[in-house]
Structure formats: structure tokens, C-alpha cells
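Q: Please find run01.txt (compact mmCIF, N, CA and C atoms and all ligand atoms) on the next line:
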# COMPACT_ATOMS: atom_id res chain seq x y z
N MET Q 961 0.71 19.20 11.90
CA MET Q 961 2.11 18.76 11.85
C MET Q 961 2.42 17.95 10.59
N THR Q 962 1.37 17.52 9.87
CA THR Q 962 1.64 16.65 8.72
C THR Q 962 2.51 17.35 7.69
N GLY Q 963 2.27 18.66 7.47
CA GLY Q 963 3.06 19.39 6.48
C GLY Q 963 4.53 19.43 6.85
N ALA Q 964 4.81 19.68 8.12
CA ALA Q 964 6.20 19.73 8.58
C ALA Q 964 6.85 18.35 8.48
N LEU Q 965 6.06 17.32 8.76
CA LEU Q 965 6.60 15.95 8.69
C LEU Q 965 6.96 15.60 7.25
N VAL Q 966 6.07 15.93 6.33
CA VAL Q 966 6.32 15.66 4.91
C VAL Q 966 7.55 16.44 4.44
N GLN Q 967 7.64 17.71 4.83
CA GLN Q 967 8.80 18.51 4.42
C GLN Q 967 10.09 17.94 4.98
N ALA Q 968 10.04 17.44 6.21
CA ALA Q 968 11.24 16.85 6.82
C ALA Q 968 11.66 15.58 6.08
N ALA Q 969 10.69 14.78 5.66
CA ALA Q 969 11.02 13.55 4.92
C ALA Q 969 11.63 13.88 3.56
N LEU Q 970 11.06 14.88 2.89
CA LEU Q 970 11.60 15.28 1.58
C LEU Q 970 13.00 15.87 1.74
N ALA Q 971 13.21 16.64 2.79
CA ALA Q 971 14.52 17.29 2.98
C ALA Q 971 15.60 16.27 3.32
N VAL Q 972 15.31 15.34 4.22
CA VAL Q 972 16.35 14.38 4.63
C VAL Q 972 16.66 13.40 3.51
N ARG Q 973 15.72 13.21 2.59
CA ARG Q 973 15.97 12.35 1.43
C ARG Q 973 17.22 12.81 0.68
N GLU Q 974 17.48 14.12 0.69
CA GLU Q 974 18.66 14.64 -0.01
C GLU Q 974 19.96 14.12 0.60
N ASN Q 975 19.91 13.65 1.84
CA ASN Q 975 21.12 13.11 2.50
C ASN Q 975 21.35 11.63 2.20
N ALA Q 976 20.44 11.01 1.48
CA ALA Q 976 20.55 9.56 1.24
C ALA Q 976 21.91 9.21 0.65
N PHE Q 977 22.46 8.12 1.15
CA PHE Q 977 23.70 7.58 0.58
C PHE Q 977 23.28 6.36 -0.25
N ALA Q 978 23.03 6.60 -1.54
CA ALA Q 978 22.48 5.56 -2.40
C ALA Q 978 23.21 5.49 -3.73
N PRO Q 979 24.56 5.32 -3.68
CA PRO Q 979 25.32 5.32 -4.94
C PRO Q 979 25.07 4.07 -5.79
N TYR Q 980 24.54 3.00 -5.20
CA TYR Q 980 24.36 1.74 -5.93
C TYR Q 980 22.99 1.69 -6.59
N SER Q 981 21.95 1.91 -5.82
CA SER Q 981 20.60 1.88 -6.40
C SER Q 981 20.21 3.21 -7.03
N LYS Q 982 20.83 4.30 -6.57
CA LYS Q 982 20.43 5.66 -6.96
C LYS Q 982 19.01 6.00 -6.51
N PHE Q 983 18.44 5.17 -5.66
CA PHE Q 983 17.05 5.36 -5.20
C PHE Q 983 17.09 5.97 -3.81
N LYS Q 984 16.85 7.29 -3.76
CA LYS Q 984 16.96 8.01 -2.49
C LYS Q 984 15.63 8.00 -1.76
N VAL Q 985 15.69 7.70 -0.47
CA VAL Q 985 14.49 7.66 0.37
C VAL Q 985 14.73 8.49 1.62
N GLY Q 986 13.71 9.20 2.03
CA GLY Q 986 13.75 9.94 3.30
C GLY Q 986 12.56 9.54 4.16
N ALA Q 987 12.76 9.54 5.45
CA ALA Q 987 11.66 9.23 6.37
C ALA Q 987 11.70 10.21 7.53
N ALA Q 988 10.53 10.60 7.99
CA ALA Q 988 10.43 11.47 9.16
C ALA Q 988 9.31 10.93 10.04
N ILE Q 989 9.63 10.69 11.30
CA ILE Q 989 8.65 10.10 12.22
C ILE Q 989 8.41 11.09 13.36
N GLU Q 990 7.12 11.27 13.67
CA GLU Q 990 6.72 12.20 14.74
C GLU Q 990 6.46 11.41 16.01
N ASP Q 991 7.06 11.85 17.10
CA ASP Q 991 6.82 11.16 18.37
C ASP Q 991 5.64 11.79 19.12
N ALA Q 992 5.28 11.17 20.23
CA ALA Q 992 4.09 11.60 20.97
C ALA Q 992 4.24 13.00 21.53
N ALA Q 993 5.47 13.49 21.65
CA ALA Q 993 5.70 14.85 22.14
C ALA Q 993 5.74 15.86 20.99
N GLY Q 994 5.52 15.39 19.77
CA GLY Q 994 5.51 16.29 18.62
C GLY Q 994 6.88 16.52 18.00
N ARG Q 995 7.88 15.80 18.48
CA ARG Q 995 9.21 15.97 17.89
C ARG Q 995 9.33 15.10 16.64
N ILE Q 996 10.15 15.57 15.72
CA ILE Q 996 10.36 14.87 14.45
C ILE Q 996 11.76 14.28 14.41
N HIS Q 997 11.83 13.00 14.05
CA HIS Q 997 13.11 12.29 13.92
C HIS Q 997 13.23 11.83 12.46
N THR Q 998 14.38 12.07 11.87
CA THR Q 998 14.52 11.81 10.44
C THR Q 998 15.52 10.71 10.15
N GLY Q 999 15.42 10.15 8.95
CA GLY Q 999 16.39 9.16 8.50
C GLY Q 999 16.39 9.06 6.99
N CYS Q 1000 17.54 8.67 6.43
CA CYS Q 1000 17.63 8.41 4.99
C CYS Q 1000 18.22 7.01 4.81
N ASN Q 1001 18.08 6.46 3.60
CA ASN Q 1001 18.71 5.16 3.37
C ASN Q 1001 20.22 5.32 3.27
N VAL Q 1002 20.93 4.34 3.80
CA VAL Q 1002 22.39 4.33 3.81
C VAL Q 1002 22.83 2.99 3.23
N GLU Q 1003 23.36 3.04 2.01
CA GLU Q 1003 23.75 1.80 1.33
C GLU Q 1003 25.20 1.44 1.64
N ASN Q 1004 25.57 0.23 1.24
CA ASN Q 1004 26.92 -0.28 1.48
C ASN Q 1004 27.36 -1.10 0.27
N ALA Q 1005 28.66 -1.12 0.01
CA ALA Q 1005 29.20 -1.85 -1.14
C ALA Q 1005 28.89 -3.34 -1.08
N THR Q 1006 28.61 -3.86 0.11
CA THR Q 1006 28.20 -5.26 0.21
C THR Q 1006 26.74 -5.45 -0.13
N TYR Q 1007 26.03 -4.38 -0.37
CA TYR Q 1007 24.59 -4.35 -0.65
C TYR Q 1007 23.75 -4.79 0.54
N GLY Q 1008 24.04 -5.97 1.09
CA GLY Q 1008 23.19 -6.55 2.14
C GLY Q 1008 23.19 -5.75 3.43
N LEU Q 1009 24.18 -4.93 3.64
CA LEU Q 1009 24.24 -4.14 4.87
C LEU Q 1009 23.49 -2.81 4.75
N THR Q 1010 22.91 -2.59 3.61
CA THR Q 1010 22.11 -1.37 3.42
C THR Q 1010 21.00 -1.30 4.46
N ILE Q 1011 20.74 -0.07 4.95
CA ILE Q 1011 19.61 0.12 5.87
C ILE Q 1011 18.67 1.17 5.28
N CYS Q 1012 17.39 0.88 5.40
CA CYS Q 1012 16.36 1.76 4.83
C CYS Q 1012 16.17 3.02 5.67
N ALA Q 1013 15.62 4.04 5.02
CA ALA Q 1013 15.36 5.33 5.67
C ALA Q 1013 14.45 5.17 6.90
N GLU Q 1014 13.43 4.33 6.79
CA GLU Q 1014 12.47 4.18 7.88
C GLU Q 1014 13.15 3.65 9.14
N ARG Q 1015 13.99 2.63 8.95
CA ARG Q 1015 14.66 2.05 10.13
C ARG Q 1015 15.67 3.01 10.73
N VAL Q 1016 16.35 3.78 9.90
CA VAL Q 1016 17.27 4.79 10.44
C VAL Q 1016 16.49 5.77 11.31
N ALA Q 1017 15.35 6.25 10.83
CA ALA Q 1017 14.56 7.22 11.60
C ALA Q 1017 14.07 6.60 12.91
N VAL Q 1018 13.54 5.39 12.86
CA VAL Q 1018 13.03 4.75 14.08
C VAL Q 1018 14.17 4.48 15.06
N PHE Q 1019 15.28 3.95 14.57
CA PHE Q 1019 16.37 3.59 15.49
C PHE Q 1019 17.02 4.84 16.08
N LYS Q 1020 17.11 5.91 15.31
CA LYS Q 1020 17.62 7.16 15.88
C LYS Q 1020 16.75 7.60 17.05
N ALA Q 1021 15.44 7.56 16.84
CA ALA Q 1021 14.52 8.02 17.88
C ALA Q 1021 14.57 7.10 19.10
N VAL Q 1022 14.56 5.78 18.85
CA VAL Q 1022 14.59 4.83 19.96
C VAL Q 1022 15.87 5.01 20.77
N SER Q 1023 16.96 5.27 20.09
CA SER Q 1023 18.24 5.43 20.79
C SER Q 1023 18.29 6.73 21.58
N GLU Q 1024 17.36 7.65 21.30
CA GLU Q 1024 17.24 8.88 22.09
C GLU Q 1024 16.25 8.70 23.23
N GLY Q 1025 15.71 7.49 23.35
CA GLY Q 1025 14.79 7.20 24.46
C GLY Q 1025 13.32 7.31 24.12
N VAL Q 1026 13.01 7.60 22.86
CA VAL Q 1026 11.60 7.75 22.45
C VAL Q 1026 10.96 6.37 22.31
N ARG Q 1027 9.72 6.24 22.81
CA ARG Q 1027 9.01 4.96 22.72
C ARG Q 1027 7.59 5.10 22.18
N GLN Q 1028 7.12 6.33 21.95
CA GLN Q 1028 5.75 6.49 21.45
C GLN Q 1028 5.76 7.35 20.19
N PHE Q 1029 5.09 6.83 19.16
CA PHE Q 1029 5.11 7.49 17.86
C PHE Q 1029 3.69 7.69 17.34
N LEU Q 1030 3.53 8.73 16.56
CA LEU Q 1030 2.19 9.06 16.02
C LEU Q 1030 2.06 8.77 14.54
N ARG Q 1031 3.04 9.19 13.75
CA ARG Q 1031 2.93 9.01 12.29
C ARG Q 1031 4.32 9.11 11.67
N ILE Q 1032 4.40 8.54 10.46
CA ILE Q 1032 5.68 8.59 9.72
C ILE Q 1032 5.41 9.01 8.28
N ALA Q 1033 6.25 9.87 7.76
CA ALA Q 1033 6.20 10.24 6.34
C ALA Q 1033 7.40 9.61 5.64
N ILE Q 1034 7.15 9.06 4.45
CA ILE Q 1034 8.19 8.37 3.68
C ILE Q 1034 8.23 8.99 2.29
N ALA Q 1035 9.41 9.50 1.92
CA ALA Q 1035 9.54 10.23 0.66
C ALA Q 1035 10.49 9.52 -0.29
N ALA Q 1036 10.02 9.31 -1.53
CA ALA Q 1036 10.87 8.79 -2.60
C ALA Q 1036 10.41 9.45 -3.89
N ASP Q 1037 11.27 9.40 -4.90
CA ASP Q 1037 10.92 10.06 -6.16
C ASP Q 1037 10.33 9.04 -7.11
N SER Q 1038 9.11 8.61 -6.82
CA SER Q 1038 8.43 7.64 -7.67
C SER Q 1038 6.97 8.05 -7.80
N ASP Q 1039 6.37 7.81 -8.96
CA ASP Q 1039 4.96 8.17 -9.13
C ASP Q 1039 4.04 7.16 -8.47
N THR Q 1040 4.47 5.89 -8.48
CA THR Q 1040 3.78 4.92 -7.63
C THR Q 1040 4.46 5.03 -6.28
N LEU Q 1041 3.80 5.69 -5.34
CA LEU Q 1041 4.46 6.08 -4.09
C LEU Q 1041 5.03 4.85 -3.38
N THR Q 1042 6.21 5.05 -2.78
CA THR Q 1042 7.00 3.93 -2.25
C THR Q 1042 6.56 3.54 -0.85
N PRO Q 1043 6.08 2.30 -0.67
CA PRO Q 1043 5.72 1.83 0.67
C PRO Q 1043 6.93 1.24 1.37
N PRO Q 1044 6.89 1.10 2.69
CA PRO Q 1044 8.03 0.49 3.40
C PRO Q 1044 8.19 -0.98 3.04
N CYS Q 1045 9.45 -1.44 3.03
CA CYS Q 1045 9.73 -2.85 2.75
C CYS Q 1045 9.25 -3.71 3.92
N GLY Q 1046 9.28 -5.01 3.73
CA GLY Q 1046 8.79 -5.93 4.76
C GLY Q 1046 9.55 -5.81 6.07
N ALA Q 1047 10.88 -5.67 5.99
CA ALA Q 1047 11.67 -5.54 7.21
C ALA Q 1047 11.26 -4.28 7.98
N CYS Q 1048 11.08 -3.19 7.26
CA CYS Q 1048 10.68 -1.93 7.92
C CYS Q 1048 9.28 -2.03 8.50
N ARG Q 1049 8.37 -2.75 7.84
CA ARG Q 1049 7.02 -2.93 8.40
C ARG Q 1049 7.11 -3.65 9.74
N GLN Q 1050 7.97 -4.66 9.82
CA GLN Q 1050 8.13 -5.40 11.08
C GLN Q 1050 8.67 -4.49 12.18
N ILE Q 1051 9.69 -3.70 11.85
CA ILE Q 1051 10.27 -2.78 12.85
C ILE Q 1051 9.27 -1.71 13.25
N LEU Q 1052 8.53 -1.16 12.28
CA LEU Q 1052 7.51 -0.16 12.61
C LEU Q 1052 6.46 -0.75 13.53
N TRP Q 1053 6.04 -1.99 13.27
CA TRP Q 1053 5.04 -2.62 14.14
C TRP Q 1053 5.56 -2.77 15.56
N GLU Q 1054 6.81 -3.15 15.70
CA GLU Q 1054 7.41 -3.36 17.03
C GLU Q 1054 7.35 -2.08 17.88
N PHE Q 1055 7.69 -0.97 17.26
CA PHE Q 1055 7.82 0.27 18.04
C PHE Q 1055 6.64 1.21 17.92
N CYS Q 1056 5.85 1.06 16.89
CA CYS Q 1056 4.81 2.07 16.61
C CYS Q 1056 3.41 1.49 16.55
N GLY Q 1057 3.27 0.16 16.51
CA GLY Q 1057 1.93 -0.41 16.36
C GLY Q 1057 1.29 0.07 15.06
N ASP Q 1058 -0.02 0.29 15.13
CA ASP Q 1058 -0.78 0.61 13.91
C ASP Q 1058 -0.63 2.10 13.55
N ILE Q 1059 0.57 2.49 13.24
CA ILE Q 1059 0.90 3.90 12.98
C ILE Q 1059 0.34 4.36 11.64
N GLU Q 1060 0.13 5.68 11.51
CA GLU Q 1060 -0.26 6.27 10.23
C GLU Q 1060 0.98 6.47 9.37
N LEU Q 1061 0.89 6.08 8.10
CA LEU Q 1061 1.99 6.25 7.15
C LEU Q 1061 1.57 7.21 6.05
N ILE Q 1062 2.39 8.20 5.80
CA ILE Q 1062 2.11 9.17 4.73
C ILE Q 1062 3.20 8.99 3.69
N LEU Q 1063 2.82 8.50 2.52
CA LEU Q 1063 3.78 8.30 1.43
C LEU Q 1063 3.75 9.54 0.55
N VAL Q 1064 4.94 10.03 0.18
CA VAL Q 1064 4.99 11.28 -0.59
C VAL Q 1064 6.06 11.19 -1.67
N ASN Q 1065 5.93 12.10 -2.66
CA ASN Q 1065 7.02 12.29 -3.61
C ASN Q 1065 7.28 13.79 -3.76
N PRO Q 1066 8.36 14.16 -4.45
CA PRO Q 1066 8.70 15.60 -4.53
C PRO Q 1066 7.70 16.41 -5.34
N ARG Q 1067 6.79 15.76 -6.07
CA ARG Q 1067 5.81 16.50 -6.87
C ARG Q 1067 4.49 16.71 -6.13
N GLY Q 1068 4.49 16.45 -4.83
CA GLY Q 1068 3.32 16.77 -4.01
C GLY Q 1068 2.27 15.68 -3.95
N MET Q 1069 2.55 14.52 -4.54
CA MET Q 1069 1.59 13.41 -4.39
C MET Q 1069 1.69 12.85 -2.99
N THR Q 1070 0.55 12.50 -2.39
CA THR Q 1070 0.57 11.85 -1.08
C THR Q 1070 -0.51 10.78 -1.03
N GLU Q 1071 -0.24 9.75 -0.25
CA GLU Q 1071 -1.24 8.71 0.07
C GLU Q 1071 -1.04 8.38 1.54
N THR Q 1072 -2.14 8.12 2.22
CA THR Q 1072 -2.06 7.81 3.65
C THR Q 1072 -2.63 6.42 3.92
N TYR Q 1073 -1.92 5.67 4.74
CA TYR Q 1073 -2.31 4.30 5.11
C TYR Q 1073 -2.17 4.12 6.60
N ARG Q 1074 -2.77 3.07 7.13
CA ARG Q 1074 -2.44 2.57 8.47
C ARG Q 1074 -1.55 1.36 8.27
N LEU Q 1075 -0.60 1.17 9.20
CA LEU Q 1075 0.32 0.04 9.06
C LEU Q 1075 -0.45 -1.29 8.99
N LYS Q 1076 -1.53 -1.39 9.77
CA LYS Q 1076 -2.28 -2.67 9.80
C LYS Q 1076 -2.79 -3.05 8.40
N ASP Q 1077 -3.07 -2.05 7.57
CA ASP Q 1077 -3.56 -2.34 6.22
C ASP Q 1077 -2.44 -2.87 5.31
N LEU Q 1078 -1.21 -2.42 5.58
CA LEU Q 1078 -0.07 -2.90 4.78
C LEU Q 1078 0.56 -4.16 5.38
N PHE Q 1079 0.25 -4.42 6.64
CA PHE Q 1079 0.92 -5.50 7.39
C PHE Q 1079 -0.14 -6.15 8.29
N PRO Q 1080 -1.04 -6.93 7.67
CA PRO Q 1080 -2.26 -7.33 8.37
C PRO Q 1080 -2.10 -8.40 9.46
N LYS Q 1081 -1.08 -9.23 9.39
CA LYS Q 1081 -0.97 -10.29 10.40
C LYS Q 1081 0.45 -10.32 10.95
N PRO Q 1082 0.83 -9.33 11.73
CA PRO Q 1082 2.22 -9.23 12.18
C PRO Q 1082 2.57 -10.24 13.26
N PHE Q 1083 3.80 -10.65 13.27
CA PHE Q 1083 4.35 -11.40 14.39
C PHE Q 1083 4.88 -10.39 15.39
N ASP Q 1084 4.54 -10.59 16.67
CA ASP Q 1084 5.04 -9.66 17.68
C ASP Q 1084 5.14 -10.36 19.03
N VAL Q 1085 5.39 -9.58 20.07
CA VAL Q 1085 5.61 -10.12 21.40
C VAL Q 1085 4.42 -10.93 21.91
N SER Q 1086 3.25 -10.69 21.37
CA SER Q 1086 2.07 -11.41 21.86
C SER Q 1086 2.15 -12.91 21.57
N PHE Q 1087 3.05 -13.31 20.67
CA PHE Q 1087 3.20 -14.73 20.34
C PHE Q 1087 4.24 -15.42 21.22
N LEU Q 1088 5.02 -14.65 21.96
CA LEU Q 1088 6.15 -15.24 22.70
C LEU Q 1088 5.70 -15.76 24.05
N1 LIG Z 1101 14.63 1.73 0.60
C1 LIG Z 1101 14.28 2.49 1.68
O1 LIG Z 1101 15.10 3.21 2.25
N2 LIG Z 1101 12.99 2.43 2.12
C2 LIG Z 1101 12.00 1.75 1.49
O2 LIG Z 1101 10.86 1.81 1.94
C3 LIG Z 1101 12.29 0.96 0.29
C4 LIG Z 1101 13.72 0.84 -0.06
C5 LIG Z 1101 15.99 1.86 0.09
C6 LIG Z 1101 16.88 0.69 0.32
C7 LIG Z 1101 17.88 0.85 -0.82
O3 LIG Z 1101 18.91 1.75 -0.41
C8 LIG Z 1101 17.10 1.49 -1.92
O4 LIG Z 1101 15.94 2.04 -1.31
C9 LIG Z 1101 16.68 0.55 -3.04
O5 LIG Z 1101 16.04 -0.56 -2.52
Could you show the structure in this file as C-alpha cells?
A:
Amino acid sequence: MTGALVQAALAVRENAFAPYSKFKVGAAIEDAAGRIHTGCNVENATYGLTICAERVAVFKAVSEGVRQFLRIAIAADSDTLTPPCGACRQILWEFCGDIELILVNPRGMTETYRLKDLFPKPFDVSFL
């Protein structure tokens, strides 16, 4: 499924609404049933209301009732492959735990990480 997930992330990146940064990002997350949920970044003229591709994909899936995830592919057009921002790492941890992340670009470069390696000491419900 990794190939389909990567292709979905690259394809949805084309839908990014990024007139301010011009930095288009796509994300595709696979749930435990093998379904793929996609998201792109959606910017706003206030800048601060911008939402990243990863959170769009996760929130779309959560709002459809999905609670278990296997892996996420994140696509941007950069040679140093783009990792999720801090806010997205926190949201991914909340819903996905130590998920596999596949970073990709349109030229076929890929790198794979576990969230725990990018986000080693997360705050979560265990502290409450
Ligand atoms: N962005 C994402 O969508 N995901 C990331 O992992 C990093 C940043 C977006 C937010 C903003 O629209 C643009 O990229 C530049 O920061």
C-alpha cells in the first residue's frame, strides 16, 4: 500500500491552497482498514489560520469516525524532504501514536521515520 499512499499524497498536493507561501504540501494517511484519507495545506490571508496538510488529512479521517491509523505519507517539493511541523507532530501523536511517516517529493525521493524519532517526549493523556 505504500506506493498508493505516496501517489495519493503527491496527487492531493496539487489541491493545496498556498497563494502566500507558494509551498504546496499533500498528506495521505492509511487507516487500519486500508482506506486512504488525504489532505492538503489550506492557507488564509491572516496567515495564522493556515492549516497544514497533515492535520487536514487526520481531521478528515477522524470526522469520518476513523480512530486507528497505520502510516502517513507527506509530499512537498523540496530536496530536503519536509517533516511535519511541531503542531502536526502533536496531533499525529494524539490520534496515531508512533506512526510510520513516509516523506516524499515529486522526484521520487523518500525517507521513512517513526513519529517517536521525530517527537521523542510527547505530552499526551498519560500526563492528565
Ligand atoms: N505546511 C504543511 O502543510 N505541512 C508541513 O509539514 C509543513 C508546512 C504548510 C503550512 C503552510 O501553508 C506552508 O506549508 C508553509 O509553511
Q: Choose the residue, out of Q:Gly1025, Q:Thr1072, Q:Glu1014, Q:Asn975, that has the smallest atom-to-atom separation from Q:Ile1051; count only N, CA and C atoms.
A: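 The shortest atom-to-atom distance to Q:Ile1051 comes from Q:Glu1014.
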Q: I'd like the neighbourhood of Q:Leu1041 as a count of residues only, where a residue qualifies if any of its atoms comes within 8 Å (using all atoms listed in the file), though same-chain residues fewer than 6 positions away should be ignored.
A: 8
Q: Which protein, DNA or RNA residues have an atom within 6.5 Å of ligand LIG 1101 (chain Z), counting all atoms listed in the file, as a list in words?
A: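 Answer in the requested format: Phe977, Ala978, Ser981, Phe983, Lys984, Val985, Gly986, Cys1000, Asn1001, Val1002, Glu1003, Thr1010, Ile1011, Cys1012, Ala1013, Glu1014, Thr1042, Pro1043, Pro1044 and Cys1045 of chain Q.
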Q: To one decimal place, how far is atom CA of Q:Ala987 from atom CA of Q:Ala1036 in Å?
A: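 It comes out at 9.0 Å.
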Q: Quick one: residues within 8 Å of Q:Leu1052, all atoms listed in the file, excluding same-chain residues fewer than 6 positions away - as a count of residues only?
A: 7
